[in-house]
file upload10.csv (CSV, C-alpha atoms)
chain,number,residue,atom,x,y,z
A,5,MET,CA,-25.9,-28.8,28.4
A,6,LYS,CA,-27.4,-27.6,25.1
A,7,PHE,CA,-26.7,-24.0,26.3
A,8,TYR,CA,-23.0,-24.7,26.7
A,9,ILE,CA,-22.8,-26.4,23.4
A,10,SER,CA,-24.5,-23.5,21.7
A,11,ILE,CA,-22.1,-21.0,23.4
A,12,THR,CA,-19.1,-23.1,22.4
A,13,LEU,CA,-20.4,-23.3,18.8
A,14,TYR,CA,-20.8,-19.5,18.7
A,15,ILE,CA,-17.3,-18.9,20.0
A,16,VAL,CA,-15.8,-21.3,17.5
A,17,MET,CA,-17.8,-19.7,14.6
A,18,PHE,CA,-16.7,-16.2,15.8
A,19,CYS,CA,-13.0,-17.3,15.8
A,20,LEU,CA,-13.3,-18.8,12.4
A,21,SER,CA,-14.9,-15.6,11.0
A,22,LEU,CA,-12.0,-13.6,12.2
A,23,THR,CA,-9.7,-15.8,10.2
A,24,SER,CA,-11.8,-15.6,7.1
A,25,PHE,CA,-11.9,-11.8,7.2
A,26,GLY,CA,-8.1,-11.6,7.5
A,27,LEU,CA,-8.2,-10.2,11.0
A,28,ALA,CA,-5.8,-12.9,12.2
A,29,ASP,CA,-3.0,-11.8,9.9
A,30,TYR,CA,-1.3,-9.8,12.5
A,31,PRO,CA,1.5,-9.8,13.5
A,32,LEU,CA,2.7,-9.3,10.0
A,33,SER,CA,6.5,-9.3,9.2
A,34,PHE,CA,8.4,-8.8,6.0
A,35,LYS,CA,11.5,-7.1,4.6
A,36,ASP,CA,11.1,-4.0,2.4
A,37,ALA,CA,13.1,-3.2,-0.7
A,38,ASP,CA,16.0,-1.8,1.4
A,39,ASP,CA,16.1,-5.1,3.4
A,40,ARG,CA,14.6,-3.4,6.5
A,41,ALA,CA,12.7,-5.8,8.8
A,42,ILE,CA,9.2,-4.5,9.2
A,43,LEU,CA,6.7,-5.8,11.9
A,44,PHE,CA,3.1,-4.8,12.1
A,45,GLU,CA,1.2,-5.8,15.2
A,46,LYS,CA,-2.0,-4.1,13.8
A,47,ARG,CA,-3.2,-2.2,10.8
A,48,PRO,CA,-1.4,1.2,10.5
A,49,ALA,CA,-3.6,4.1,11.3
A,50,ARG,CA,-1.4,7.2,10.6
A,51,VAL,CA,0.3,6.8,7.2
A,52,VAL,CA,2.3,9.4,5.2
A,53,SER,CA,2.9,8.3,1.6
A,54,LEU,CA,5.7,10.2,-0.2
A,55,VAL,CA,5.4,8.0,-3.3
A,56,PRO,CA,2.4,8.9,-5.5
A,57,SER,CA,2.1,5.4,-7.0
A,58,VAL,CA,1.9,3.9,-3.5
A,59,THR,CA,-0.7,6.5,-2.5
A,60,GLU,CA,-2.8,5.5,-5.6
A,61,ILE,CA,-2.6,1.8,-4.7
A,62,ILE,CA,-3.6,2.5,-1.1
A,63,PHE,CA,-6.7,4.3,-2.2
A,64,SER,CA,-7.5,1.7,-4.9
A,65,ILE,CA,-7.6,-1.0,-2.2
A,66,ASN,CA,-9.9,1.2,0.0
A,67,ALA,CA,-7.4,1.9,2.7
A,68,GLY,CA,-7.2,5.7,2.0
A,69,ASP,CA,-8.7,6.3,5.5
A,70,ALA,CA,-5.3,5.5,7.0
A,71,ILE,CA,-3.4,8.2,5.0
A,72,GLN,CA,-2.7,11.4,6.9
A,73,GLY,CA,-0.3,13.0,4.4
A,74,VAL,CA,0.9,12.9,0.8
A,75,THR,CA,3.0,15.0,-1.5
A,76,TYR,CA,1.5,17.8,-3.5
A,77,HIS,CA,2.1,15.6,-6.5
A,78,ASP,CA,-0.6,13.2,-5.3
A,79,THR,CA,-3.6,14.2,-7.3
A,80,TYR,CA,-5.1,10.8,-8.1
A,81,PRO,CA,-7.5,9.8,-7.0
A,82,SER,CA,-9.0,13.2,-6.2
A,83,GLU,CA,-9.4,12.2,-2.5
A,84,ALA,CA,-5.6,12.1,-2.2
A,85,SER,CA,-5.4,15.9,-2.9
A,86,LEU,CA,-7.6,16.5,0.2
A,87,LYS,CA,-5.0,15.0,2.5
A,88,GLU,CA,-2.5,17.1,4.3
A,89,SER,CA,0.6,18.0,2.2
A,90,ALA,CA,4.0,16.8,3.3
A,91,GLY,CA,5.7,18.9,0.6
A,92,GLY,CA,7.0,17.8,-2.8
A,93,PHE,CA,8.1,14.3,-3.9
A,94,PHE,CA,11.7,15.5,-4.3
A,95,SER,CA,11.7,17.8,-1.2
A,96,PRO,CA,9.3,16.5,1.5
A,97,SER,CA,9.2,18.6,4.7
A,98,VAL,CA,10.4,16.6,7.7
A,99,GLU,CA,8.7,19.3,9.9
A,100,ARG,CA,5.3,18.8,8.3
A,101,ILE,CA,5.7,15.0,8.5
A,102,ARG,CA,6.5,15.2,12.2
A,103,LYS,CA,3.3,17.2,12.8
A,104,MET,CA,1.3,14.4,11.3
A,105,LYS,CA,2.7,11.9,13.8
A,106,PRO,CA,2.9,9.0,11.4
A,107,ASP,CA,3.3,5.4,12.4
A,108,VAL,CA,4.4,4.5,8.8
A,109,ILE,CA,6.0,6.5,6.0
A,110,PHE,CA,6.2,5.1,2.5
A,111,ILE,CA,9.4,6.4,0.9
A,112,SER,CA,11.6,6.1,-2.2
A,113,ASP,CA,15.3,5.9,-2.3
A,114,LEU,CA,15.4,9.6,-3.0
A,115,HIS,CA,14.1,10.5,0.5
A,116,GLU,CA,17.5,10.5,2.3
A,117,THR,CA,16.5,13.4,4.6
A,118,VAL,CA,13.4,11.6,5.8
A,119,ILE,CA,15.3,8.4,6.2
A,120,ARG,CA,18.0,10.1,8.4
A,121,SER,CA,15.3,11.9,10.4
A,122,TYR,CA,13.3,8.8,11.2
A,123,LYS,CA,16.1,6.3,11.4
A,124,ASP,CA,16.0,5.6,15.1
A,125,THR,CA,12.3,6.2,15.8
A,126,GLU,CA,9.3,3.9,16.2
A,127,CYS,CA,7.9,5.1,12.9
A,128,LYS,CA,8.3,2.5,10.2
A,129,LEU,CA,10.0,3.5,7.0
A,130,ILE,CA,9.0,1.3,4.0
A,131,ARG,CA,10.3,1.4,0.5
A,132,LEU,CA,8.5,-0.9,-2.0
A,133,SER,CA,9.9,-1.7,-5.3
A,134,MET,CA,7.9,-1.6,-8.5
A,135,LYS,CA,10.4,-1.9,-11.4
A,136,ASN,CA,8.2,-4.3,-13.4
A,137,THR,CA,4.7,-5.7,-13.4
A,138,GLU,CA,5.5,-8.7,-11.2
A,139,GLU,CA,7.0,-6.4,-8.5
A,140,LEU,CA,4.0,-4.1,-8.9
A,141,TYR,CA,1.6,-7.1,-8.2
A,142,ALA,CA,3.8,-8.1,-5.2
A,143,THR,CA,3.6,-4.6,-3.9
A,144,ILE,CA,-0.2,-4.4,-4.3
A,145,ARG,CA,-0.5,-7.7,-2.4
A,146,MET,CA,1.8,-6.5,0.3
A,147,LEU,CA,-0.2,-3.3,0.8
A,148,GLY,CA,-3.3,-5.5,0.9
A,149,ARG,CA,-1.8,-7.5,3.7
A,150,ILE,CA,-0.5,-4.4,5.6
A,151,PHE,CA,-3.9,-2.7,5.4
A,152,ASP,CA,-6.0,-5.9,5.8
A,153,ARG,CA,-7.4,-5.5,2.3
A,154,LYS,CA,-6.3,-8.7,0.6
A,155,ASN,CA,-9.5,-9.1,-1.5
A,156,GLU,CA,-9.4,-5.5,-2.7
A,157,ALA,CA,-5.7,-6.0,-3.6
A,158,GLU,CA,-6.5,-9.0,-5.8
A,159,LYS,CA,-9.3,-7.0,-7.5
A,160,CYS,CA,-6.9,-4.2,-8.2
A,161,ILE,CA,-4.4,-6.7,-9.8
A,162,THR,CA,-7.2,-8.2,-11.8
A,163,ASN,CA,-8.2,-4.7,-13.1
A,164,ILE,CA,-4.6,-3.9,-14.1
A,165,ARG,CA,-4.3,-7.3,-15.9
A,166,THR,CA,-7.6,-6.7,-17.7
A,167,ALA,CA,-6.5,-3.3,-18.9
A,168,LEU,CA,-3.1,-4.6,-20.1
A,169,ASP,CA,-4.8,-7.5,-21.9
A,170,HIS,CA,-7.3,-5.1,-23.5
A,171,THR,CA,-4.3,-2.9,-24.8
A,172,ALA,CA,-2.4,-6.0,-26.0
A,173,LYS,CA,-5.5,-7.2,-28.0
A,174,LYS,CA,-5.9,-3.7,-29.6
A,175,ILE,CA,-2.3,-3.6,-30.8
A,176,SER,CA,-2.0,-7.3,-31.7
A,177,ALA,CA,-3.0,-6.6,-35.3
A,178,ILE,CA,-0.2,-4.1,-35.8
A,179,PRO,CA,3.1,-5.8,-36.9
A,180,ARG,CA,5.8,-5.4,-34.3
A,181,GLY,CA,8.0,-3.3,-36.5
A,182,GLU,CA,5.3,-0.8,-37.1
A,183,ARG,CA,4.2,-0.3,-33.5
A,184,LYS,CA,4.9,3.1,-32.0
A,185,ARG,CA,6.9,3.2,-28.8
A,186,VAL,CA,5.7,5.5,-26.1
A,187,ILE,CA,7.4,6.8,-23.0
A,188,ARG,CA,5.9,9.0,-20.3
A,189,LEU,CA,8.2,11.3,-18.5
A,190,MET,CA,7.3,13.1,-15.3

call {"tool": "encode", "arguments": {"input": "upload10.csv", "output": "structure tokens"}}
result
Amino acid sequence: MKFYISITLYIVMFCLSLTSFGLADYPLSFKDADDRAILFEKRPARVVSLVPSVTEIIFSINAGDAIQGVTYHDTYPSEASLKESAGGFFSPSVERIRKMKPDVIFISDLHETVIRSYKDTECKLIRLSMKNTEELYATIRMLGRIFDRKNEAEKCITNIRTALDHTAKKISAIPRGERKRVIRLM
């Protein structure tokens, strides 16, 4: 009788551990920024990211192992530049992407050719919006859920908030009217 109780206890503990590690989050469903319904039965394994900011986030949450291809604009982190090139951000090669056999492609609204080419396939096209910091944090959390890296996603958000707070403290002594405005164009 003790043997059966021990076995049952181990099984219950194992099931609880799966939940605590986030392995029970699949299936995962959501709508992307283009209102496409997305369903994941498991963690994606063959990802092409045509959006450098998404690529950077995926690497920052330690899910870079799933990335098969990126644009040649993806240079950060340095591991991204070691991935296969899908072409440029503005002109990704559908042929190169097809050779990578992705199960997911992260796109922007500029990737009409890719969208048309993959419209009726099993490959998931996902566009994530990052127009402000709240959308950025929501995107990081969503990527954390997609790649089963929720804790890493929260750490990434904390790091960004810490950096923004640090900058805010540095400039707080400068009167608003005297602060320089900066824009970065790419």

call {"tool": "closest_residue", "arguments": {"input": "upload10.csv", "among": "A:Arg153, A:Lys128, A:Lys123, A:Lys174", "to": "Phe110 in chain A", "atoms": "all atoms listed in the file"}}
result
A:Lys128

call {"tool": "residues_around", "arguments": {"input": "upload10.csv", "residues": "Met134 in chain A", "least_positions_apart": "3", "cutoff": "12 Å", "atoms": "only C-alpha atoms", "output": "number ranges by chain"}}
result
A: 36-37, 55, 57-58, 61, 112, 131, 137-144, 146

call {"tool": "closest_residue", "arguments": {"input": "upload10.csv", "among": "A:Ile130, A:Ser64, A:Asp69, A:Ile109", "to": "Ile161 in chain A", "atoms": "only C-alpha atoms"}}
result
A:Ser64

call {"tool": "residues_near_point", "arguments": {"input": "upload10.csv", "point": "(1.9, 7.7, 18.5)", "cutoff": "10 Å", "atoms": "all atoms listed in the file", "output": "list in words"}}
result
Ala49, Arg50, Met104, Lys105, Pro106, Asp107, Glu126 and Cys127 of chain A

call {"tool": "closest_residue", "arguments": {"input": "upload10.csv", "among": "A:Asp152, A:Glu99, A:Asp29, A:Asp38", "to": "Ser133 in chain A", "atoms": "all atoms listed in the file"}}
result
A:Asp38

call {"tool": "decode", "arguments": {"input": "upload10.csv", "residues": "range 40-57 of chain A", "atoms": "N, CA and C atoms", "output": "PDB file, in the first residue's frame"}}
result
ATOM      1  N   ARG A  40      -5.036  38.165 -36.911  1.00  0.00           N
ATOM      2  CA  ARG A  40      -4.990  36.759 -37.328  1.00  0.00           C
ATOM      3  C   ARG A  40      -5.067  35.890 -36.074  1.00  0.00           C
ATOM      4  N   ALA A  41      -5.875  34.856 -36.116  1.00  0.00           N
ATOM      5  CA  ALA A  41      -5.951  33.907 -34.997  1.00  0.00           C
ATOM      6  C   ALA A  41      -4.754  32.971 -35.091  1.00  0.00           C
ATOM      7  N   ILE A  42      -3.987  32.902 -34.024  1.00  0.00           N
ATOM      8  CA  ILE A  42      -2.777  32.080 -33.974  1.00  0.00           C
ATOM      9  C   ILE A  42      -2.971  31.016 -32.908  1.00  0.00           C
ATOM     10  N   LEU A  43      -2.624  29.782 -33.235  1.00  0.00           N
ATOM     11  CA  LEU A  43      -2.710  28.678 -32.277  1.00  0.00           C
ATOM     12  C   LEU A  43      -1.403  27.906 -32.297  1.00  0.00           C
ATOM     13  N   PHE A  44      -0.805  27.760 -31.118  1.00  0.00           N
ATOM     14  CA  PHE A  44       0.396  26.946 -30.962  1.00  0.00           C
ATOM     15  C   PHE A  44       0.051  25.726 -30.134  1.00  0.00           C
ATOM     16  N   GLU A  45       0.329  24.563 -30.686  1.00  0.00           N
ATOM     17  CA  GLU A  45       0.158  23.312 -29.946  1.00  0.00           C
ATOM     18  C   GLU A  45       1.415  22.998 -29.141  1.00  0.00           C
ATOM     19  N   LYS A  46       2.548  23.557 -29.603  1.00  0.00           N
ATOM     20  CA  LYS A  46       3.839  23.336 -28.945  1.00  0.00           C
ATOM     21  C   LYS A  46       4.749  24.514 -29.260  1.00  0.00           C
ATOM     22  N   ARG A  47       5.897  24.536 -28.631  1.00  0.00           N
ATOM     23  CA  ARG A  47       6.887  25.600 -28.846  1.00  0.00           C
ATOM     24  C   ARG A  47       7.383  25.540 -30.288  1.00  0.00           C
ATOM     25  N   PRO A  48       7.418  26.687 -30.993  1.00  0.00           N
ATOM     26  CA  PRO A  48       7.923  26.668 -32.370  1.00  0.00           C
ATOM     27  C   PRO A  48       9.404  26.305 -32.407  1.00  0.00           C
ATOM     28  N   ALA A  49       9.784  25.563 -33.441  1.00  0.00           N
ATOM     29  CA  ALA A  49      11.162  25.085 -33.544  1.00  0.00           C
ATOM     30  C   ALA A  49      11.911  25.680 -34.733  1.00  0.00           C
ATOM     31  N   ARG A  50      11.184  26.137 -35.751  1.00  0.00           N
ATOM     32  CA  ARG A  50      11.828  26.654 -36.965  1.00  0.00           C
ATOM     33  C   ARG A  50      11.240  28.031 -37.274  1.00  0.00           C
ATOM     34  N   VAL A  51      11.905  29.052 -36.754  1.00  0.00           N
ATOM     35  CA  VAL A  51      11.398  30.419 -36.832  1.00  0.00           C
ATOM     36  C   VAL A  51      12.261  31.257 -37.767  1.00  0.00           C
ATOM     37  N   VAL A  52      11.595  32.062 -38.587  1.00  0.00           N
ATOM     38  CA  VAL A  52      12.268  33.090 -39.374  1.00  0.00           C
ATOM     39  C   VAL A  52      11.744  34.421 -38.863  1.00  0.00           C
ATOM     40  N   SER A  53      12.648  35.292 -38.465  1.00  0.00           N
ATOM     41  CA  SER A  53      12.261  36.618 -37.987  1.00  0.00           C
ATOM     42  C   SER A  53      12.731  37.650 -38.995  1.00  0.00           C
ATOM     43  N   LEU A  54      11.774  38.333 -39.600  1.00  0.00           N
ATOM     44  CA  LEU A  54      12.080  39.387 -40.565  1.00  0.00           C
ATOM     45  C   LEU A  54      12.058  40.763 -39.919  1.00  0.00           C
ATOM     46  N   VAL A  55      11.926  40.792 -38.593  1.00  0.00           N
ATOM     47  CA  VAL A  55      11.842  42.049 -37.840  1.00  0.00           C
ATOM     48  C   VAL A  55      12.981  42.059 -36.818  1.00  0.00           C
ATOM     49  N   PRO A  56      14.018  42.872 -37.046  1.00  0.00           N
ATOM     50  CA  PRO A  56      15.175  42.866 -36.152  1.00  0.00           C
ATOM     51  C   PRO A  56      14.846  43.062 -34.676  1.00  0.00           C
ATOM     52  N   SER A  57      13.871  43.895 -34.345  1.00  0.00           N
ATOM     53  CA  SER A  57      13.537  44.088 -32.934  1.00  0.00           C
ATOM     54  C   SER A  57      12.948  42.817 -32.322  1.00  0.00           C
TER      55      SER A  57
END
